[in-house]
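> Here it is: the structure, laid out below.
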Amino acid sequence: MCRLFGLISSPLRTHATFWLLDAPDSLSVQSRREPDGTGLGFFDAAGTPEVHKAAIAAYEDRAFAREAREVESATFLAHIRYASTGGLDVRNTHPFEQDGRLFAHNGVIEGLDRLDRRLGEDRSLVHGDTDSERFFALVTRETAAHGGDVSAGIESAARWVAGNLPLYALNIVLVTARELWALRYPATHELYVLRRPAGGHHGSRHLDQAGRHGHLRVRSAHLGERPAVVVASEPMDESPQWQLMSPGELLHVAADLRVTSRIAVPDPPAYPLALSDLRPEAAASQRPA
């Protein structure tokens with residue numbers, strides 16, 4: 001199953017070190033599927049998005065993904081991909097960038113011909129083959145239609161997909177240089193949020209988080225002294241303050257770290273997909289890693 005990770009420390013910029021493929025332990029490596037891609041997105045001091053990503057098709061790609069990446073930003077977005085739609089190619093690897101925003105998705109949307117028709121001329125925003133980038137293009141189009149309101153754009157796009165296309169899951173994280181959004185829909189996959197005070201729940205620790213499957217690790221000494229909000233597919237440390245988002249919940253973290261959330265997609269999918277309905281490669285991508 002794809003892994004999502006978003007972090008925001010806005011308005012302050014934070015130094016952080018990421019390992020997108022942390023070294024797995026020897027006992028579990030044989031039973032765990034290797035990811036198909038890794039990506040890290042962030043913003044430079046001028047607010048320009050930067051993306052480092054690799055489609056993992058060879059040993060050299062895995063070595064690239066295991067290198068420590070020391071970056072500075074007020075927002076970060078990391079993604080570990082297990083391919084469901086689209087081949088092993090950088091253009092299909094998350095995060096994606098459109099209009100200065102970065103986006104990553106975990107789930108499966110089908111009926112892509114109909115989604116392409118809905119996008120119309122905005123299909124030109126899509127450079128790869130994935131359902132994820134197509135949905136992002138729909139968010140971008142709907143955000144523009146709502147006067148630049150990203151929350152309204154996500155809600156409009158998600159409600160249209162939920163009401164018109166076969167859907168397995170639509171968990172997303174979207175960031176700008178100073179803000180973060182996350183949506184969990186429906187209840188298929190988990191998505192957690194941590195409102196982390198400076199020093200964590202102990203009050204004196206830097207951030208050191210790792211996924212339990214060993215594929216993503218992040219450290220930041222700065223977060224021993226400043227607050228942050230983290231969104232992830234699973235709790236990344238021992239903090240008791242991780243909260244599971246509700247199905248249909250849209251979370252927004254503003255530039256001052258103020259957190260708001262609401263149920264933006266209250267109804268179940270009109271055409272829900274079960275794991276058994278998916279193509280074998282798509283089904284494999286949605287099972288626990």
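Residue numbering restarts at 1 for every chain of the structure tokens, chains are lettered A, B, ... in their displayed order, and ligands are numbered from 1 as they appear.
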Please return, as a PyMOL selection string, all residues of region 107-221 of chain A that DSSP assigns to alpha helix (DSSP H) on the basis of the backbone.
chain A and resi 112-119+131-145+150-164
> For N, CA, C and O atoms, I'd like the residues from the last selection saved as a short mmCIF file (atom, residue, chain, number, x, y, z; two decimals), in the first residue's frame.

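File written: out_29.cif
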data_model
loop_
_atom_site.label_atom_id
_atom_site.label_comp_id
_atom_site.auth_asym_id
_atom_site.auth_seq_id
_atom_site.Cartn_x
_atom_site.Cartn_y
_atom_site.Cartn_z
N LEU A 112 -11.27 6.01 -15.99
CA LEU A 112 -10.41 7.13 -16.34
C LEU A 112 -10.81 7.80 -17.65
O LEU A 112 -10.55 8.99 -17.85
N ASP A 113 -11.45 7.08 -18.56
CA ASP A 113 -11.93 7.71 -19.79
C ASP A 113 -12.95 8.80 -19.47
O ASP A 113 -12.93 9.88 -20.06
N ARG A 114 -13.82 8.49 -18.53
CA ARG A 114 -14.83 9.48 -18.13
C ARG A 114 -14.17 10.66 -17.40
O ARG A 114 -14.56 11.80 -17.59
N LEU A 115 -13.17 10.37 -16.59
CA LEU A 115 -12.44 11.45 -15.91
C LEU A 115 -11.73 12.33 -16.94
O LEU A 115 -11.72 13.57 -16.81
N ASP A 116 -11.15 11.73 -17.96
CA ASP A 116 -10.51 12.51 -19.01
C ASP A 116 -11.51 13.43 -19.71
O ASP A 116 -11.21 14.59 -20.01
N ARG A 117 -12.71 12.91 -19.96
CA ARG A 117 -13.73 13.76 -20.59
C ARG A 117 -14.13 14.90 -19.68
O ARG A 117 -14.36 16.04 -20.14
N ARG A 118 -14.20 14.63 -18.39
CA ARG A 118 -14.52 15.68 -17.42
C ARG A 118 -13.44 16.77 -17.42
O ARG A 118 -13.75 17.96 -17.31
N LEU A 119 -12.18 16.36 -17.54
CA LEU A 119 -11.09 17.31 -17.53
C LEU A 119 -11.07 18.19 -18.79
O LEU A 119 -10.69 19.36 -18.73
N ASP A 131 -4.08 7.51 -12.36
CA ASP A 131 -5.33 8.07 -11.87
C ASP A 131 -5.05 9.23 -10.92
O ASP A 131 -5.80 10.21 -10.87
N SER A 132 -3.95 9.15 -10.17
CA SER A 132 -3.61 10.17 -9.18
C SER A 132 -3.40 11.53 -9.83
O SER A 132 -3.95 12.55 -9.37
N GLU A 133 -2.59 11.58 -10.87
CA GLU A 133 -2.30 12.87 -11.51
C GLU A 133 -3.54 13.43 -12.19
O GLU A 133 -3.75 14.65 -12.24
N ARG A 134 -4.39 12.55 -12.72
CA ARG A 134 -5.65 13.01 -13.30
C ARG A 134 -6.53 13.66 -12.23
O ARG A 134 -7.14 14.71 -12.45
N PHE A 135 -6.62 13.00 -11.05
CA PHE A 135 -7.43 13.59 -9.98
C PHE A 135 -6.85 14.94 -9.56
O PHE A 135 -7.58 15.89 -9.30
N PHE A 136 -5.53 15.03 -9.48
CA PHE A 136 -4.89 16.29 -9.13
C PHE A 136 -5.27 17.37 -10.14
O PHE A 136 -5.54 18.52 -9.77
N ALA A 137 -5.30 17.02 -11.42
CA ALA A 137 -5.70 17.99 -12.44
C ALA A 137 -7.13 18.46 -12.22
O ALA A 137 -7.45 19.64 -12.42
N LEU A 138 -8.00 17.54 -11.78
CA LEU A 138 -9.37 17.93 -11.49
C LEU A 138 -9.42 18.88 -10.29
O LEU A 138 -10.16 19.87 -10.29
N VAL A 139 -8.60 18.61 -9.27
CA VAL A 139 -8.50 19.53 -8.13
C VAL A 139 -8.02 20.90 -8.58
O VAL A 139 -8.55 21.93 -8.17
N THR A 140 -7.00 20.91 -9.43
CA THR A 140 -6.46 22.18 -9.93
C THR A 140 -7.51 22.95 -10.70
O THR A 140 -7.67 24.17 -10.52
N ARG A 141 -8.27 22.24 -11.55
CA ARG A 141 -9.31 22.91 -12.33
C ARG A 141 -10.41 23.44 -11.42
O ARG A 141 -10.86 24.59 -11.56
N GLU A 142 -10.85 22.63 -10.45
CA GLU A 142 -11.92 23.06 -9.55
C GLU A 142 -11.46 24.16 -8.61
O GLU A 142 -12.25 25.04 -8.23
N THR A 143 -10.20 24.15 -8.22
CA THR A 143 -9.67 25.23 -7.38
C THR A 143 -9.73 26.56 -8.13
O THR A 143 -10.15 27.59 -7.58
N ALA A 144 -9.34 26.56 -9.39
CA ALA A 144 -9.42 27.77 -10.21
C ALA A 144 -10.87 28.22 -10.36
O ALA A 144 -11.16 29.42 -10.29
N ALA A 145 -11.78 27.26 -10.53
CA ALA A 145 -13.20 27.60 -10.69
C ALA A 145 -13.79 28.19 -9.42
O ALA A 145 -14.80 28.90 -9.48
N VAL A 150 -8.45 26.28 -2.36
CA VAL A 150 -8.00 24.89 -2.50
C VAL A 150 -8.96 23.93 -1.79
O VAL A 150 -9.26 22.85 -2.29
N SER A 151 -9.44 24.30 -0.62
CA SER A 151 -10.37 23.43 0.11
C SER A 151 -11.61 23.16 -0.73
O SER A 151 -12.07 22.01 -0.84
N ALA A 152 -12.15 24.22 -1.34
CA ALA A 152 -13.33 24.05 -2.18
C ALA A 152 -13.00 23.22 -3.41
O ALA A 152 -13.83 22.41 -3.88
N GLY A 153 -11.80 23.39 -3.96
CA GLY A 153 -11.40 22.61 -5.12
C GLY A 153 -11.30 21.13 -4.82
O GLY A 153 -11.75 20.29 -5.61
N ILE A 154 -10.69 20.79 -3.68
CA ILE A 154 -10.59 19.39 -3.29
C ILE A 154 -11.97 18.80 -3.06
O ILE A 154 -12.29 17.70 -3.53
N GLU A 155 -12.81 19.53 -2.33
CA GLU A 155 -14.16 19.03 -2.05
C GLU A 155 -14.94 18.80 -3.32
O GLU A 155 -15.58 17.74 -3.51
N SER A 156 -14.93 19.76 -4.24
CA SER A 156 -15.69 19.63 -5.48
C SER A 156 -15.19 18.44 -6.30
O SER A 156 -15.99 17.64 -6.82
N ALA A 157 -13.87 18.30 -6.43
CA ALA A 157 -13.31 17.20 -7.20
C ALA A 157 -13.62 15.86 -6.57
O ALA A 157 -14.01 14.90 -7.25
N ALA A 158 -13.47 15.77 -5.26
CA ALA A 158 -13.72 14.50 -4.57
C ALA A 158 -15.18 14.10 -4.63
O ALA A 158 -15.52 12.92 -4.82
N ARG A 159 -16.07 15.08 -4.49
CA ARG A 159 -17.50 14.75 -4.56
C ARG A 159 -17.89 14.28 -5.96
O ARG A 159 -18.72 13.37 -6.10
N TRP A 160 -17.28 14.87 -6.99
CA TRP A 160 -17.62 14.43 -8.34
C TRP A 160 -17.13 12.99 -8.56
O TRP A 160 -17.87 12.15 -9.09
N VAL A 161 -15.90 12.70 -8.17
CA VAL A 161 -15.38 11.35 -8.32
C VAL A 161 -16.22 10.36 -7.51
O VAL A 161 -16.58 9.28 -8.00
N ALA A 162 -16.55 10.71 -6.27
CA ALA A 162 -17.33 9.82 -5.41
C ALA A 162 -18.70 9.51 -6.00
O ALA A 162 -19.24 8.42 -5.81
N GLY A 163 -19.27 10.46 -6.73
CA GLY A 163 -20.60 10.27 -7.27
C GLY A 163 -20.65 9.71 -8.67
O GLY A 163 -21.73 9.32 -9.13
N ASN A 164 -19.48 9.64 -9.35
CA ASN A 164 -19.53 9.29 -10.77
C ASN A 164 -18.58 8.18 -11.22
O ASN A 164 -18.79 7.63 -12.31
#
> Please identify which residues in region 29-173 of chain A DSSP calls strand (DSSP E or B) from the backbone, and express them as JSON, numbers by chain.
{"A": [37, 38, 39, 40, 41, 42, 43, 49, 50, 51, 52, 53, 54, 55, 69, 70, 71, 72, 73, 75, 76, 77, 78, 79, 80, 81, 96, 97, 98, 101, 102, 103, 104, 105, 106, 107, 108, 109, 166, 167, 168, 169, 170, 171, 172, 173]}
> Ranking A:Leu4, A:Val218, A:Val259, A:Leu223 by minimum distance to Gly203 (chain A) and counting only C-alpha atoms, which one comes first?
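Closest to Gly203 (chain A), using only C-alpha atoms: A:Leu223.
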> Neighbours of Glu225 (chain A) within 6 Å (only C-alpha atoms; same-chain residues fewer than 2 positions away dropped), as JSON, numbers by chain?
{"A": [198, 199, 222, 223]}
> Residues at most 10 Å from Arg184 (chain A), counting only C-alpha atoms, excluding those fewer than 3 positions away in the same chain, as number ranges by chain?
A: 106, 169-173, 187-192, 233, 244-251, 263-265
> Would you mind exporting N, CA and C atoms of the selected residues as a tab-separated table (two decimals), in the first residue's frame?

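Contents of part14.tsv, as written:
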chain	number	residue	atom	x	y	z
A	106	ASN	N	-3.01	8.01	-2.33
A	106	ASN	CA	-3.02	6.58	-2.06
A	106	ASN	C	-4.42	6.06	-2.33
A	169	ALA	N	-10.26	3.90	-3.13
A	169	ALA	CA	-9.81	4.78	-2.06
A	169	ALA	C	-9.28	6.07	-2.66
A	170	LEU	N	-9.39	7.16	-1.86
A	170	LEU	CA	-8.97	8.48	-2.31
A	170	LEU	C	-8.38	9.23	-1.12
A	171	ASN	N	-7.25	8.75	-0.63
A	171	ASN	CA	-6.51	9.45	0.41
A	171	ASN	C	-5.47	10.35	-0.25
A	172	ILE	N	-5.46	11.63	0.11
A	172	ILE	CA	-4.54	12.56	-0.54
A	172	ILE	C	-3.88	13.47	0.48
A	173	VAL	N	-2.70	13.98	0.11
A	173	VAL	CA	-2.05	15.10	0.80
A	173	VAL	C	-1.63	16.09	-0.27
A	187	ALA	N	-13.48	4.85	4.08
A	187	ALA	CA	-12.80	4.28	5.24
A	187	ALA	C	-11.79	3.20	4.85
A	188	THR	N	-11.53	3.07	3.55
A	188	THR	CA	-10.71	1.95	3.05
A	188	THR	C	-9.33	1.93	3.67
A	189	HIS	N	-8.62	3.07	3.59
A	189	HIS	CA	-7.27	3.18	4.14
A	189	HIS	C	-7.25	4.19	5.27
A	190	GLU	N	-6.35	3.99	6.21
A	190	GLU	CA	-6.22	4.91	7.32
A	190	GLU	C	-5.38	6.13	6.92
A	191	LEU	N	-5.63	7.23	7.60
A	191	LEU	CA	-4.81	8.43	7.46
A	191	LEU	C	-4.84	9.14	8.82
A	192	TYR	N	-3.66	9.42	9.36
A	192	TYR	CA	-3.53	9.94	10.71
A	192	TYR	C	-2.96	11.35	10.69
A	233	SER	N	0.18	7.94	6.66
A	233	SER	CA	-0.65	6.76	6.47
A	233	SER	C	-0.69	5.86	7.70
A	244	LEU	N	-6.77	9.35	14.17
A	244	LEU	CA	-7.23	8.81	12.89
A	244	LEU	C	-8.27	9.75	12.31
A	245	MET	N	-8.05	10.19	11.08
A	245	MET	CA	-9.04	11.02	10.41
A	245	MET	C	-10.29	10.22	10.11
A	246	SER	N	-11.43	10.89	10.10
A	246	SER	CA	-12.70	10.23	9.82
A	246	SER	C	-12.89	10.07	8.31
A	247	PRO	N	-13.65	9.08	7.87
A	247	PRO	CA	-13.94	8.97	6.44
A	247	PRO	C	-14.64	10.23	5.93
A	248	GLY	N	-14.14	10.74	4.82
A	248	GLY	CA	-14.71	11.96	4.26
A	248	GLY	C	-14.16	13.24	4.85
A	249	GLU	N	-13.24	13.14	5.80
A	249	GLU	CA	-12.73	14.33	6.48
A	249	GLU	C	-11.68	15.04	5.63
A	250	LEU	N	-11.84	16.35	5.50
A	250	LEU	CA	-10.88	17.21	4.83
A	250	LEU	C	-10.21	18.08	5.88
A	251	LEU	N	-8.90	17.97	6.00
A	251	LEU	CA	-8.11	18.69	6.98
A	251	LEU	C	-7.34	19.81	6.28
A	263	ILE	N	-16.22	17.29	7.57
A	263	ILE	CA	-16.59	16.18	6.69
A	263	ILE	C	-17.02	16.79	5.36
A	264	ALA	N	-16.14	16.73	4.38
A	264	ALA	CA	-16.38	17.36	3.09
A	264	ALA	C	-17.07	16.42	2.10
A	265	VAL	N	-16.92	15.11	2.31
A	265	VAL	CA	-17.55	14.12	1.42
A	265	VAL	C	-18.33	13.16	2.32
> Using only C-alpha atoms, pick whichever of A:Gln243, A:Ser124, A:Ser261, A:Gln209 has the shortest atom-to-atom distance to Ala16 (chain A).
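Checking each of A:Gln243, A:Ser124, A:Ser261, A:Gln209 against Ala16 (chain A), counting only C-alpha atoms, the winner is A:Gln209.
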> Using only C-alpha atoms, what does the table of region 180-251 of chain A residues within 10 Å of region 70-76 of chain A look like, with each row giving the shortest atom pair and its distance in Å to one decimal, sorted by chain and ascending number, as CSV?

residue,atom,partner,partner_atom,distance
A:Leu180,CA,A:Thr75,CA,7.4
A:Val218,CA,A:Glu70,CA,9.7
A:Arg219,CA,A:Glu70,CA,9.4
A:Ser220,CA,A:Glu70,CA,9.5
A:Ala228,CA,A:Ala74,CA,9.4
A:Val229,CA,A:Thr75,CA,9.6
A:Val230,CA,A:Phe76,CA,9.5
> Go ahead and save the residues from that selection, with N, CA, C and O atoms, as a short mmCIF file (atom, residue, chain, number, x, y, z; two decimals), in the first residue's frame.

data_model
loop_
_atom_site.label_atom_id
_atom_site.label_comp_id
_atom_site.auth_asym_id
_atom_site.auth_seq_id
_atom_site.Cartn_x
_atom_site.Cartn_y
_atom_site.Cartn_z
N LEU A 180 -1.10 23.11 4.11
CA LEU A 180 -1.24 21.66 3.88
C LEU A 180 -2.71 21.29 3.95
O LEU A 180 -3.46 21.80 4.80
N VAL A 218 12.26 10.11 8.89
CA VAL A 218 12.53 11.54 8.85
C VAL A 218 12.99 12.00 10.23
O VAL A 218 12.47 11.55 11.25
N ARG A 219 14.00 12.86 10.23
CA ARG A 219 14.51 13.45 11.46
C ARG A 219 14.59 14.96 11.30
O ARG A 219 14.91 15.46 10.22
N SER A 220 14.35 15.68 12.41
CA SER A 220 14.51 17.14 12.40
C SER A 220 14.84 17.61 13.80
O SER A 220 14.01 17.51 14.71
N ALA A 228 4.76 21.56 14.92
CA ALA A 228 4.52 21.12 13.55
C ALA A 228 3.24 20.29 13.53
O ALA A 228 2.72 19.87 14.58
N VAL A 229 2.74 20.06 12.35
CA VAL A 229 1.63 19.13 12.14
C VAL A 229 2.09 18.10 11.12
O VAL A 229 2.69 18.45 10.10
N VAL A 230 1.83 16.83 11.42
CA VAL A 230 2.23 15.73 10.55
C VAL A 230 0.99 14.95 10.13
O VAL A 230 0.10 14.70 10.95
#
> Which polymer residues have any atom within 12 Å of an atom of Thr176 (chain A), counting only C-alpha atoms, with same-chain residues fewer than 3 positions away left out, as a PyMOL selection string?
chain A and resi 6-8+10-11+41-44+47-50+73-77+96-103+150+173+179-181+252-255
> For Arg69 (chain A), list every protein, DNA or RNA residue within 8 Å, evaluated using only C-alpha atoms, and leave out those in the same chain fewer than 2 positions away; present the list as a PyMOL selection string.
chain A and resi 17-19+67+71
> From the options A:Lys53, A:Arg66, A:Arg212, A:His79, which residue's atoms come nearest to Arg3 (chain A), counting only C-alpha atoms?
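Among the listed residues, the smallest separation from Arg3 (chain A) belongs to A:His79.
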> What does the distance between CA of Glu238 (chain A) and CA of Phe5 (chain A) come to in Å, to one decimal place?
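Atom-to-atom, CA of Glu238 (chain A) and CA of Phe5 (chain A) are spaced 16.3 Å apart.
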